[in-house]
Amino acid sequence: MTQFQITDDLEALLNVLPPDIAQAVRDRNRNEALLEVVLDLGRYPEARYTDGEVTLCAREVTEADIQYVVSRIGEFDADNRAGIQRTLHRISAIRNRRGNIIGLTCRVGRAVYGTIDIIKDIILSGKSILLLGRPGVGKTTMLREAARVLAEHKRVIIVDTSNEIGGDGDIPHPAVGRARRMQVPKPSLQHEVMIEAVENHMPEVIIIDEIGRELEAIAARTIAERGVQLIATAHGNTLENLLMNPTLSDLVGGVESVTLSDEEARRRGTQKTVLERRAPPTFDVLIEIQDRQRLLVHHDVAASVDALLRGQQPDVELRYRDEEGRIHIEKPRFRRAVMVGKSPLPFWRGEIIATTPISPGEPTQPPRVSAERVGAFDLEEEQEGLPPSPWAAPTPSGNGPRRPLRVYPLGLARNRLQRAASVFGTPIQVVEQIHEADVVITTKAHYRRHPRALTEAEGRGIPIYVVRSNTVTQIESCLADILNLAPADGEEDPQLARALEEAEAAIQKILNGEARYVDLSPQNAYIRRQQHLLARQYNLISHSYGKEPNRYVRIYAE
């Protein structure tokens, strides 16, 4: 579809600028690409276009220039924003310590009809929607168009904090259609106006621009729980950015640290302390606006958040317009990436390397993720010519990782750590500084005291593994869990083969109903792990009992 764009009377904005600056903008004759005009005291005036910035005049901006503009526009509110009556233009002020205006950003406001065609099915679905994107990418324009379309058959209230959606003045701009608007006297009172809109005016849809405070996030949850469709925007490029924002993460359910039981940690193949979603998300759908013609849609925010926190690929949908205005809906396939302590959350980070077209209305199935996750490390990577990670799961020959695993031991004897690593033929490097580590291994006693080193590790997103005691066996088991390493014998271990045969025989007994549970022979930590994995393949439960060296695996049905 070809968009029909209205510039919203650009002349109204140019008429408030100093005459020579306004004429310089007209002379360039690039009105459709103009984003804003910047006037800073003592600097050359600039015009910002979609493809860069240009200097308008070879003279500095004076106080008289700034006062010329200020005297021709409305009053500045508490958020230092003003407008021009019945237009969507916005003028924002920069003040010095004494409160005097020393800079102006004159932003062009446009009503663009047809922008939501690419997501019209989602808008009309009745689900609450959150739009994410960097400043200037078109979030407010899309929000304004959504209000106009929904207002044709629903009761729509716009909570307009800075008059950016409905324009300046008491009469809303025609671009919002039949939607009603509630203005906010101060930005800090936006949450109160949000609640007032629900309680007083019986809306079916509430439109909010720029949720940025904790009270607004709480108010948004209250509105969503009352059955009102909520469409809002927030600053942030991706869902991951939002999860890392402590103020706004509640919009998508929030994040909290959870301690798993030994059984659950073994079942998931993770460390005992993991991050999980705290509550149901406020918004059902999240849309990442990558640019004006390209969107990434999370149809199930709860599932996407859960996947990200577990280091898996979220189920997303790519929508974009081509040069001819046709809308395409595709399923992206991602280049997989391993996170090694670069983020405070174990996010899946990757780039789109291929897409699969999806017919409109076709249900999307969650992608199958073949990689397991141990701690914060992927154990399997896509091949297809991808560059290898610095260290990864062992190769079939059992040669171990490609570079030493950097370990920061806290409360562990280093000689025992090296001895445990030698069992697997795995080179490790003991580091002295937290920021150099790939993982931190500590004892349960040290972890309970939570020293400063652990706080720093958590802040840097470095995985922390906790062992019960400072013994070689416990450290050996921990290293096996981190990278799923096998002892480097070069050939098949006959002891492992016998142990797996015993486990298979026990599994067959249980499946045939000959026994309710079977105890296997005592084995070392690595072999026990392989027996647990084998039991899991048959959907059976297994636990380890006893103390080293007589610790054994018991397999039984659910």
# chains A, B, ... in the order shown; residues from 1 in each chain; ligands from 1

$ select_by_dssp --residues "segment 42-138 of chain A" --states "strand (DSSP E or B)" --output "count of residues only"
34

$ residues_around --residues "Gln433 of chain A" --least-positions-apart "6" --cutoff "10 Å" --atoms "only C-alpha atoms" --output "ChimeraX atom specification"
/A:407-408,453

$ closest_residue --among "A:Ala33, A:Val255, A:Ala93, A:Ala420" --to "Arg110 of chain A" --atoms "only C-alpha atoms"
A:Ala33

$ atom_distance --atom1 "atom CA of Leu454 of chain A" --atom2 "atom CA of Glu256 of chain A"
17.0 Å

$ residues_around --residues "Pro404 of chain A" --least-positions-apart "5" --cutoff "7 Å" --atoms "only C-alpha atoms" --output "PyMOL selection string"
chain A and resi 427-429

$ atom_distance --atom1 "atom CA of Asn415 of chain A" --atom2 "atom CA of Arg266 of chain A"
27.0 Å

$ residues_around --residues "Gly177 of chain A" --least-positions-apart "5" --cutoff "9 Å" --atoms "only C-alpha atoms" --output "count of residues only"
7
